[in-house]
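Colleague: My questions all concern the structure below.
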Amino acid sequence: MRTTEVPSIPASPANVHLVGGEMLLWSDAPESAQDGGQWAALRPGGAGGAAWGGAGHGAAWACGEIVRELIRRVRPMPGRVLLIGPHPEDFVDWLVARSRSVAVAVRSYPDAVRLGARHAGRAGFAVYCGQLAKLGGLDPFDVVLALDGFERVHSAESPYRPWRETLAEVAALVAPGGTLLLSTRNDLGIESLVEARPHERTDADWHPRGLDHTRPNGHQTLAAELDAHGLLVDDCYAAYPAAGAPRALFSVETLARGRTLPDAVTVAACARGYHGRAVVADPVQLTRKAFRHGLAARLAPAWVTVARKQAPGRTGGPALPAALLEDDVCAPPWTLVQELARGEQGKWVRHVPPASRPFALDRVHRDPALLSGPIPEGRVLDEVLLTACAYDDIRAIRERLRHLAGWLSRWSDAGMVPGELAFATTDNLVWDGERLDLIDPSWALADALPTEVVLTRTLWRFAVRLLGSGHHHPWPWSVDADRLTATLVAISGFRHDRRHLERAKALDREIGTTLGVGATAAADAPESYRQVLAGRERLRDTLTAAQARIDRLEVKLTHRERELRKTRSKLRAARRRIAGLRRRLGFRLMRRARALTRPLTRPVRRRLRAARRIARG
Amino acid sequence: MDESNHWYGHSRILARYCGLDARRVPRIQGFVQHGWNYLHGFPPNDRWASPGYPRFVWSDVLARRGWSMGRRGHYVIGSPWAYLLAMEPDLGRLPDSERRGTIWYPFHGWEKHSVRGDHARLVEEIKSVEPGPVTVCLYWLEYRNPQIRKWYEKAGFRVICHGDRGSRWDTKGVDFLRNQMVELRRHRRVASNRLGSAVFYGASVGCDVAVYGDPMELEGERPEYGGTARRLRLWPELHGLDVDRRTAREIARYELGFTHVAGPDELRNLLGWEKIKEAS
């Protein structure tokens, strides 16, 4: 039976409600969370067919600590919560643990089944799978979270739903006095501007992206859209550095008031590295420029909005922070959320949640209390050095590096510096024109380290960043990170030693592993425009050859079909002729005579056959 | 490109619509969806549909589902039935007062997979539901099977078959859809145990619709479709003994792609027939 060869779709748990229009063979979850095995064989590509998935899958909105902190501030006790669209499983767990009831609306059947099974038997938990439009019958919720935006809420069964219509459907699900937390991707955000392949359509894009004219073109329009649906905006945040994984939320009101944020803060808003993406400009530089030119709110990759459904007798929203920052150099449990506020004399200060406690793992120690206080002023050393490199200003590079080496040496005792300085990397230091300061002084290593090893690690990390970013620098283009490190160590006035570099790399690996982010990896510079053009030329030649081959085969096939048709026509004519002959009298008489004489001639034919056999031997 | 382009006389209908000689139907440069389904218009194992050639599907939802499943190159042209209706607005048309009885389409298998189900029980159900004369239309495979035919004939039903599926090279199946249109327009009601092309065809020519009874199982039915439960979730309004005629007609128009019908010149270009001489 063929039925036994074909894997079956698993049944849905009792807490999963199929509302109609669910996508059976689709998952918005990251590849790691998807079920493998038998079910995967049903996916196109799993059975050797077309490619399954693509970039459209799995880029789940990272609901990190920063988002959780915002939710805590917005609704300390969330009550009935509806989560619209795909969200990370650990975020759903977190929400379930602190809410009276949680409903999740997803379009993917596998995702719904997985979530249902994960929370089987938990009172107040339900998954609604299918078309968003079919959720209209549900009672409205106290909190509605659409942190993944509206891009992945409609199933392929739904006709095209513009952003505005989707908002109307979502707004109807918010109870009077209830809160909506909505993330909206900015079509003209920094992420879109630097993307070299903006029109690459994946399996997830059955409707093309970026052409919806109802999408808000700014945070003011977004507020107006929400207002039109009875939702009053409490605050709107510019989310950086990526729409799908914000690590910094700046209140657009704070940004609009023209209060310049320190570089030590804005650097946290920058995307570090390219993460394998092809970009047309360095997102770090563009982000820094956006802040400097007062366009940070306008060019944010996304806006996270906190809005309340108007209800009679209810005024005043929760007190929301001006900005929230999350670490980008470590993974949980190290991650800390910092809140930014204006302190005395207008200086920016940061606070960490009072519940944050010192934490240690292996040789690394972190004391969150050291983060609280004024934010150091000055330019990030990384940027100072990159600028000098862009100007081929070796003298400035020399001065900065010698200052760095001298600053480290000042802390040195018998050639060893304290473990805190292991974290004095160029992206964690600010230079105010006179002195260097640590941006994040909360980190420390348990043991003192040789000054040369700390300096070599700092310079090697900078070398990797410089070469990986594709920025201009004064050294030969063929130089690799190790050779450049040797040069930088020499410029800083120290003698390069290969063993120091090995120890520096080992230290980097150790810290990266303990912090859960892995070691710094040397990355190739992104493809240049010239390389892209050359690749396109090669592809054009290949396609021309393939098309010529197809054209030739088409001609041959058409010719053969014509021949086949002619032959079939001849065959039909011949059959008709034979049938006509058979009907004639002469032919019929001859056949009759042959039938009559056949028994008489049989012995003669038999002898003739025997004689032929003998002759053949 | 593929033999399925020529099943049920589809290619001939399209050729005629384009003004070509329908007896010498040319090859179609692409793959025409040959029956209504609720996957992406083609079977799950559709590797024969080579990339680079368009997939001519009936409605836009199929293009979306197909895209999400890694298929590309969809072109929504509507169903061959829509083209036939455009050419034959009056074929077999009778005044409403003369339309009688129900034409019933039991869910059918095909050459590689037969259906499993209880025909006797189905006959009883049809008898208990349908008030007027019943015509049972069998797929050619089942029509050839005297045992299956007997179940329905014994019940006093008129048993017919619209013809073979046909191919490009023979004349079988040439008039399949024409025969179906004539039969549907003779009947007041179309019914089946599964939502399928015939139900939508019937709804589009003014038949009342009913979908009820054991939906029967296709041997080796692929789970990607999601089975009867999924059909019920997607089209709950089309299941039952009496379906709202207007709703059925609207859904049929959408599923059969009436609003996507292309003009003859456009279609000739799409199917790769722009260089073929028109029939005199």
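By convention here, the chains of the structure tokens are called A, B, ... in the order presented, each chain's residues are numbered starting at 1, and ligands are numbered starting at 1 in the order presented.
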Could I get the residues of range 162-217 of chain B with an atom no further than 12 Å from an atom of range 36-46 of chain B, each paired with its nearest atom pair and that distance in Å to one decimal, using only C-alpha atoms, sorted by chain and residue number, as a Markdown table?

Modeller:
```
| residue | atom | partner | partner_atom | distance |
| --- | --- | --- | --- | --- |
| B:Arg194 | CA | B:Asn37 | CA | 11.1 |
| B:Leu195 | CA | B:Asn37 | CA | 9.0 |
| B:Gly196 | CA | B:Trp36 | CA | 6.1 |
| B:Ser197 | CA | B:Trp36 | CA | 5.1 |
| B:Ala198 | CA | B:Trp36 | CA | 8.9 |
| B:Val199 | CA | B:Trp36 | CA | 10.0 |
| B:Phe200 | CA | B:Trp36 | CA | 8.7 |
| B:Tyr201 | CA | B:Trp36 | CA | 10.1 |
```

Colleague: The selected residues should be written to file as a CSV table (one decimal), in the first residue's frame (atoms: C-alpha atoms).

Modeller:
```csv
chain,number,residue,atom,x,y,z
B,194,ARG,CA,-16.2,15.6,-2.4
B,195,LEU,CA,-15.6,19.1,-3.5
B,196,GLY,CA,-14.1,18.9,-7.0
B,197,SER,CA,-14.0,20.4,-10.5
B,198,ALA,CA,-17.4,19.0,-11.4
B,199,VAL,CA,-19.2,20.7,-8.5
B,200,PHE,CA,-17.6,24.1,-9.4
B,201,TYR,CA,-18.5,23.6,-13.1
```

Colleague: From a DSSP pass on the backbone, collect the residues of range 24-252 of chain A flagged as strand (DSSP E or B) and hand them back as a ChimeraX atom specification.

Modeller: /A:80-84,101-106,108,125-130,141-146,174-185,195,231-240,248-251

Colleague: For the interface of chain B with chain A (cut-off 8 Å, counting only C-alpha atoms), please tabulate each contacting residue of chain B alongside its nearest pair of atoms and their separation in Å to one decimal, rows sorted by chain and increasing number, as a Markdown table.

Modeller:
```
| residue | atom | partner | partner_atom | distance |
| --- | --- | --- | --- | --- |
| B:Asn45 | CA | A:Gly49 | CA | 7.5 |
| B:Asp46 | CA | A:Gly49 | CA | 7.9 |
| B:Arg47 | CA | A:Gly49 | CA | 6.3 |
| B:Val61 | CA | A:Glu157 | CA | 6.0 |
| B:Ala63 | CA | A:Trp206 | CA | 7.9 |
| B:Arg64 | CA | A:Trp206 | CA | 5.2 |
| B:Arg65 | CA | A:Ala156 | CA | 5.4 |
| B:Trp67 | CA | A:Trp206 | CA | 5.6 |
| B:Ser68 | CA | A:Asp203 | CA | 4.7 |
| B:Met69 | CA | A:Pro44 | CA | 6.2 |
| B:Gly70 | CA | A:Ala50 | CA | 5.5 |
| B:Arg71 | CA | A:Ala50 | CA | 6.7 |
| B:Glu219 | CA | A:Thr3 | CA | 6.6 |
| B:Gly220 | CA | A:Thr3 | CA | 4.1 |
| B:Glu221 | CA | A:Thr3 | CA | 6.9 |
| B:Arg222 | CA | A:Val6 | CA | 6.8 |
| B:Pro223 | CA | A:Ser8 | CA | 5.6 |
| B:Glu224 | CA | A:Leu24 | CA | 6.8 |
| B:Gly226 | CA | A:Leu24 | CA | 7.2 |
| B:Arg230 | CA | A:Gly20 | CA | 7.4 |
| B:Arg233 | CA | A:Gly20 | CA | 4.7 |
| B:Leu234 | CA | A:Gly20 | CA | 5.4 |
```

Colleague: Write out as an NGL selection string which residues come within 10 Å of range 488-499 of chain A when counting only C-alpha atoms, dropping same-chain ones fewer than 6 positions away.

Modeller: :A and (394-395 or 397-406 or 451-453 or 455-460 or 462-463 or 482 or 505)

Colleague: Those residues with N, CA and C atoms, as a PDB file, in the first residue's frame please?

Modeller:
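Writing done, so here's again-v3.pdb:
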```pdb
ATOM      1  N   ILE A 394      48.575  58.084   9.299  1.00  0.00           N
ATOM      2  CA  ILE A 394      49.374  57.174  10.132  1.00  0.00           C
ATOM      3  C   ILE A 394      49.760  57.851  11.447  1.00  0.00           C
ATOM      4  N   ARG A 395      50.006  59.160  11.373  1.00  0.00           N
ATOM      5  CA  ARG A 395      50.439  59.866  12.580  1.00  0.00           C
ATOM      6  C   ARG A 395      49.348  59.814  13.658  1.00  0.00           C
ATOM      7  N   ILE A 397      46.963  57.604  13.849  1.00  0.00           N
ATOM      8  CA  ILE A 397      46.848  56.202  14.298  1.00  0.00           C
ATOM      9  C   ILE A 397      47.930  55.930  15.344  1.00  0.00           C
ATOM     10  N   ARG A 398      49.159  56.393  15.027  1.00  0.00           N
ATOM     11  CA  ARG A 398      50.276  56.158  15.946  1.00  0.00           C
ATOM     12  C   ARG A 398      49.994  56.792  17.305  1.00  0.00           C
ATOM     13  N   GLU A 399      49.533  58.048  17.275  1.00  0.00           N
ATOM     14  CA  GLU A 399      49.274  58.757  18.537  1.00  0.00           C
ATOM     15  C   GLU A 399      48.217  58.027  19.373  1.00  0.00           C
ATOM     16  N   ARG A 400      47.118  57.604  18.689  1.00  0.00           N
ATOM     17  CA  ARG A 400      46.031  56.936  19.433  1.00  0.00           C
ATOM     18  C   ARG A 400      46.504  55.592  19.996  1.00  0.00           C
ATOM     19  N   LEU A 401      47.234  54.859  19.184  1.00  0.00           N
ATOM     20  CA  LEU A 401      47.658  53.521  19.640  1.00  0.00           C
ATOM     21  C   LEU A 401      48.691  53.637  20.751  1.00  0.00           C
ATOM     22  N   ARG A 402      49.575  54.620  20.622  1.00  0.00           N
ATOM     23  CA  ARG A 402      50.591  54.797  21.687  1.00  0.00           C
ATOM     24  C   ARG A 402      49.915  55.243  22.976  1.00  0.00           C
ATOM     25  N   HIS A 403      48.897  56.076  22.811  1.00  0.00           N
ATOM     26  CA  HIS A 403      48.154  56.510  23.999  1.00  0.00           C
ATOM     27  C   HIS A 403      47.476  55.313  24.657  1.00  0.00           C
ATOM     28  N   LEU A 404      46.893  54.455  23.813  1.00  0.00           N
ATOM     29  CA  LEU A 404      46.239  53.239  24.328  1.00  0.00           C
ATOM     30  C   LEU A 404      47.259  52.369  25.062  1.00  0.00           C
ATOM     31  N   ALA A 405      48.430  52.150  24.425  1.00  0.00           N
ATOM     32  CA  ALA A 405      49.455  51.295  25.040  1.00  0.00           C
ATOM     33  C   ALA A 405      49.936  51.905  26.353  1.00  0.00           C
ATOM     34  N   GLY A 406      50.108  53.254  26.357  1.00  0.00           N
ATOM     35  CA  GLY A 406      50.555  53.939  27.573  1.00  0.00           C
ATOM     36  C   GLY A 406      49.515  53.829  28.681  1.00  0.00           C
ATOM     37  N   THR A 451      50.438  42.615  29.831  1.00  0.00           N
ATOM     38  CA  THR A 451      50.019  43.808  29.087  1.00  0.00           C
ATOM     39  C   THR A 451      50.057  43.553  27.583  1.00  0.00           C
ATOM     40  N   GLU A 452      51.120  42.890  27.110  1.00  0.00           N
ATOM     41  CA  GLU A 452      51.274  42.663  25.663  1.00  0.00           C
ATOM     42  C   GLU A 452      50.120  41.828  25.111  1.00  0.00           C
ATOM     43  N   VAL A 453      49.668  40.835  25.899  1.00  0.00           N
ATOM     44  CA  VAL A 453      48.579  39.954  25.429  1.00  0.00           C
ATOM     45  C   VAL A 453      47.280  40.751  25.318  1.00  0.00           C
ATOM     46  N   LEU A 455      46.948  44.023  24.927  1.00  0.00           N
ATOM     47  CA  LEU A 455      47.066  44.976  23.824  1.00  0.00           C
ATOM     48  C   LEU A 455      46.942  44.254  22.479  1.00  0.00           C
ATOM     49  N   THR A 456      47.601  43.097  22.362  1.00  0.00           N
ATOM     50  CA  THR A 456      47.555  42.348  21.093  1.00  0.00           C
ATOM     51  C   THR A 456      46.125  41.925  20.783  1.00  0.00           C
ATOM     52  N   ARG A 457      45.399  41.482  21.798  1.00  0.00           N
ATOM     53  CA  ARG A 457      44.006  41.073  21.545  1.00  0.00           C
ATOM     54  C   ARG A 457      43.173  42.271  21.064  1.00  0.00           C
ATOM     55  N   THR A 458      43.345  43.404  21.727  1.00  0.00           N
ATOM     56  CA  THR A 458      42.593  44.605  21.347  1.00  0.00           C
ATOM     57  C   THR A 458      42.894  44.981  19.896  1.00  0.00           C
ATOM     58  N   LEU A 459      44.157  44.929  19.522  1.00  0.00           N
ATOM     59  CA  LEU A 459      44.537  45.334  18.166  1.00  0.00           C
ATOM     60  C   LEU A 459      44.130  44.281  17.132  1.00  0.00           C
ATOM     61  N   TRP A 460      44.193  43.020  17.524  1.00  0.00           N
ATOM     62  CA  TRP A 460      43.768  41.958  16.581  1.00  0.00           C
ATOM     63  C   TRP A 460      42.268  42.078  16.291  1.00  0.00           C
ATOM     64  N   PHE A 462      40.545  44.781  16.393  1.00  0.00           N
ATOM     65  CA  PHE A 462      40.350  45.936  15.521  1.00  0.00           C
ATOM     66  C   PHE A 462      40.748  45.588  14.076  1.00  0.00           C
ATOM     67  N   ALA A 463      41.838  44.844  13.931  1.00  0.00           N
ATOM     68  CA  ALA A 463      42.298  44.468  12.579  1.00  0.00           C
ATOM     69  C   ALA A 463      41.224  43.643  11.865  1.00  0.00           C
ATOM     70  N   ASP A 482      46.382  38.871  10.932  1.00  0.00           N
ATOM     71  CA  ASP A 482      47.549  38.601  11.780  1.00  0.00           C
ATOM     72  C   ASP A 482      48.700  39.555  11.459  1.00  0.00           C
ATOM     73  N   LYS A 505      44.590  35.312  20.968  1.00  0.00           N
ATOM     74  CA  LYS A 505      43.476  34.630  20.289  1.00  0.00           C
ATOM     75  C   LYS A 505      42.823  33.620  21.229  1.00  0.00           C
TER      76      LYS A 505
END
```

Colleague: Using DSSP on the backbone coordinates, identify the residues of range 176-260 of chain B assigned to alpha helix (DSSP H); present them as a PyMOL selection string.

Modeller: chain B and resi 176-186+197-204+227-234+245-255

Colleague: So what do you get for CA of Arg582 in chain A versus CA of Thr597 in chain A, distance-wise?

Modeller: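 Between CA of Arg582 in chain A and CA of Thr597 in chain A the gap works out to 19.5 Å.
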
Colleague: For Asp170 in chain B, work out the shell of residues within 12 Å, counting only C-alpha atoms and skipping chain neighbours fewer than 6 positions away, then give it as a PDB file with C-alpha atoms, in the first residue's frame.

Modeller:
```
ATOM      1  CA  ARG A 565       2.259  13.792 -37.727  1.00  0.00           C
ATOM      2  CA  ARG A 568       0.782   9.005 -38.701  1.00  0.00           C
TER       3      ARG A 568
ATOM      4  CA  GLU B   3       0.509  14.971 -21.676  1.00  0.00           C
ATOM      5  CA  HIS B   6      -4.227  17.701 -23.380  1.00  0.00           C
ATOM      6  CA  TRP B   7      -6.466  15.813 -20.962  1.00  0.00           C
ATOM      7  CA  TYR B   8     -10.216  16.440 -21.065  1.00  0.00           C
ATOM      8  CA  GLY B   9      -9.719  18.312 -24.339  1.00  0.00           C
ATOM      9  CA  ARG B  12      -8.151  21.826 -27.866  1.00  0.00           C
ATOM     10  CA  ARG B  23      -7.725  18.978 -34.514  1.00  0.00           C
ATOM     11  CA  ARG B  24      -4.008  19.690 -34.789  1.00  0.00           C
ATOM     12  CA  VAL B  25      -3.389  21.143 -31.394  1.00  0.00           C
ATOM     13  CA  ASP B 164     -12.033   9.161 -21.787  1.00  0.00           C
TER      14      ASP B 164
END
```

Colleague: Determine the nearest neighbour of Ala360 in chain A from the options A:Leu515, A:Ser569, A:Ile66, A:Leu408, counting only C-alpha atoms.

Modeller: A:Leu515

Colleague: Would you mind listing what lies within 8 Å of range 412-419 of chain A as number ranges by chain, with only C-alpha atoms counted and same-chain residues fewer than 5 positions away left out?

Modeller: A: 444-451

Colleague: My list of candidates is A:Leu261, A:Leu501, A:Ala307, A:Ala595. Which is closest to Ala224 in chain A when distances are computed with only C-alpha atoms?

Modeller: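 Ranking A:Leu261, A:Leu501, A:Ala307, A:Ala595 by distance to Ala224 in chain A, first place goes to A:Ala307.
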
Colleague: Hey, which of B:Phe176, B:Tyr254, B:Trp140, B:Tyr152 ends up closest to Glu125 in chain B? Count only C-alpha atoms.

Modeller: B:Tyr152

Colleague: Name all residues at most 8 Å from Glu274 in chain B (count only C-alpha atoms; drop same-chain ones fewer than 4 positions away) and give them as a ChimeraX atom specification.

Modeller: /B:265,268-269

Colleague: Write out as a ChimeraX atom specification which residues come within 12 Å of Ala296 in chain A when counting only C-alpha atoms, dropping same-chain ones fewer than 2 positions away.

Modeller: /A:186,188-190,218-219,237-241,248-261,266,269-270,286-294,298-303

Colleague: Using only N, CA and C atoms, please write the residues we just selected to a file, as a compact mmCIF listing (two decimals), in the first residue's frame.

Modeller:
```txt
# COMPACT_ATOMS: atom_id res chain seq x y z
N ASN A 186 10.39 49.68 8.97
CA ASN A 186 10.47 50.92 8.21
C ASN A 186 11.00 50.61 6.81
N LEU A 188 11.99 52.56 4.68
CA LEU A 188 13.13 53.41 4.34
C LEU A 188 14.11 53.43 5.52
N GLY A 189 14.15 52.36 6.26
CA GLY A 189 15.06 52.27 7.39
C GLY A 189 16.47 51.96 6.92
N ILE A 190 17.41 52.10 7.86
CA ILE A 190 18.82 51.87 7.51
C ILE A 190 19.04 50.47 6.96
N GLY A 218 6.32 56.88 8.44
CA GLY A 218 7.05 57.51 9.53
C GLY A 218 6.31 57.25 10.82
N HIS A 219 6.96 57.59 11.93
CA HIS A 219 6.30 57.28 13.20
C HIS A 219 5.09 58.18 13.45
N TYR A 237 9.03 53.89 19.86
CA TYR A 237 10.47 53.72 19.99
C TYR A 237 11.10 53.42 18.64
N ALA A 238 12.22 54.07 18.39
CA ALA A 238 13.03 53.72 17.22
C ALA A 238 13.87 52.52 17.61
N ALA A 239 13.71 51.43 16.87
CA ALA A 239 14.39 50.18 17.23
C ALA A 239 15.64 50.01 16.37
N TYR A 240 16.76 49.78 17.02
CA TYR A 240 18.05 49.58 16.35
C TYR A 240 18.70 48.33 16.90
N PRO A 241 19.63 47.69 16.23
CA PRO A 241 20.16 48.00 14.90
C PRO A 241 19.41 47.27 13.78
N ALA A 248 18.40 48.18 20.96
CA ALA A 248 18.32 49.53 21.50
C ALA A 248 16.98 50.13 21.10
N LEU A 249 16.29 50.67 22.09
CA LEU A 249 15.00 51.32 21.82
C LEU A 249 15.11 52.76 22.29
N PHE A 250 14.94 53.72 21.37
CA PHE A 250 15.02 55.14 21.72
C PHE A 250 13.65 55.75 21.51
N SER A 251 13.14 56.38 22.53
CA SER A 251 11.85 57.04 22.38
C SER A 251 11.98 58.12 21.30
N VAL A 252 11.08 58.12 20.34
CA VAL A 252 11.20 59.10 19.24
C VAL A 252 11.05 60.52 19.78
N GLU A 253 10.33 60.66 20.88
CA GLU A 253 10.19 61.99 21.48
C GLU A 253 11.54 62.48 21.99
N THR A 254 12.28 61.59 22.64
CA THR A 254 13.62 61.96 23.15
C THR A 254 14.53 62.34 21.99
N LEU A 255 14.45 61.56 20.92
CA LEU A 255 15.30 61.85 19.76
C LEU A 255 14.91 63.18 19.13
N ALA A 256 13.59 63.47 19.14
CA ALA A 256 13.12 64.69 18.49
C ALA A 256 13.49 65.94 19.29
N ARG A 257 13.71 65.79 20.58
CA ARG A 257 14.02 66.97 21.41
C ARG A 257 15.44 67.48 21.19
N GLY A 258 16.17 66.79 20.36
CA GLY A 258 17.50 67.26 19.99
C GLY A 258 18.56 67.04 21.04
N ARG A 259 18.27 66.22 22.01
CA ARG A 259 19.30 65.93 23.01
C ARG A 259 20.29 64.96 22.41
N THR A 260 21.50 65.40 22.22
CA THR A 260 22.48 64.56 21.57
C THR A 260 22.84 63.39 22.47
N LEU A 261 22.75 62.23 21.90
CA LEU A 261 23.10 61.04 22.68
C LEU A 261 24.61 60.81 22.59
N THR A 266 25.12 55.49 21.15
CA THR A 266 24.72 55.24 19.76
C THR A 266 25.50 54.07 19.15
N ALA A 269 23.66 51.06 19.09
CA ALA A 269 22.58 50.98 18.11
C ALA A 269 23.07 50.46 16.76
N CYS A 270 24.38 50.34 16.63
CA CYS A 270 24.92 49.97 15.31
C CYS A 270 25.02 48.45 15.16
N LEU A 286 26.43 54.43 8.58
CA LEU A 286 25.16 55.06 8.24
C LEU A 286 24.34 55.35 9.51
N THR A 287 24.37 54.39 10.44
CA THR A 287 23.63 54.58 11.69
C THR A 287 24.20 55.78 12.47
N ARG A 288 25.52 55.84 12.55
CA ARG A 288 26.15 56.95 13.27
C ARG A 288 25.76 58.28 12.64
N LYS A 289 25.74 58.30 11.29
CA LYS A 289 25.37 59.54 10.60
C LYS A 289 23.92 59.90 10.88
N ALA A 290 23.06 58.88 10.91
CA ALA A 290 21.64 59.14 11.17
C ALA A 290 21.46 59.83 12.52
N PHE A 291 22.19 59.36 13.53
CA PHE A 291 22.10 59.98 14.86
C PHE A 291 22.66 61.40 14.84
N ARG A 292 23.79 61.54 14.14
CA ARG A 292 24.44 62.85 14.13
C ARG A 292 23.57 63.89 13.42
N HIS A 293 22.85 63.44 12.37
CA HIS A 293 22.05 64.39 11.59
C HIS A 293 20.61 64.49 12.08
N GLY A 294 20.32 63.89 13.21
CA GLY A 294 18.97 64.01 13.77
C GLY A 294 17.93 63.21 13.01
N ARG A 298 13.66 58.82 12.09
CA ARG A 298 13.12 58.67 10.73
C ARG A 298 13.69 57.44 10.02
N LEU A 299 14.98 57.14 10.29
CA LEU A 299 15.63 56.05 9.56
C LEU A 299 15.79 54.77 10.39
N ALA A 300 15.09 54.70 11.49
CA ALA A 300 15.19 53.49 12.32
C ALA A 300 14.74 52.27 11.51
N PRO A 301 15.38 51.13 11.69
CA PRO A 301 14.94 49.93 10.96
C PRO A 301 13.48 49.56 11.26
N ALA A 302 13.02 49.89 12.48
CA ALA A 302 11.62 49.59 12.83
C ALA A 302 11.19 50.52 13.95
N TRP A 303 9.89 50.59 14.13
CA TRP A 303 9.34 51.33 15.27
C TRP A 303 8.54 50.37 16.13
```

Colleague: Using only C-alpha atoms, find the one residue out of B:Asn5, B:Gln29, B:Asn179, B:Ser204 that sits nearest to Gly92 in chain B.

Modeller: B:Asn179

Colleague: Figure out the distance between CA of Asn193 in chain B and CA of Trp151 in chain B, please, to one decimal in Å.

Modeller: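 For CA of Trp151 in chain B relative to CA of Asn193 in chain B, the distance reads 16.0 Å.
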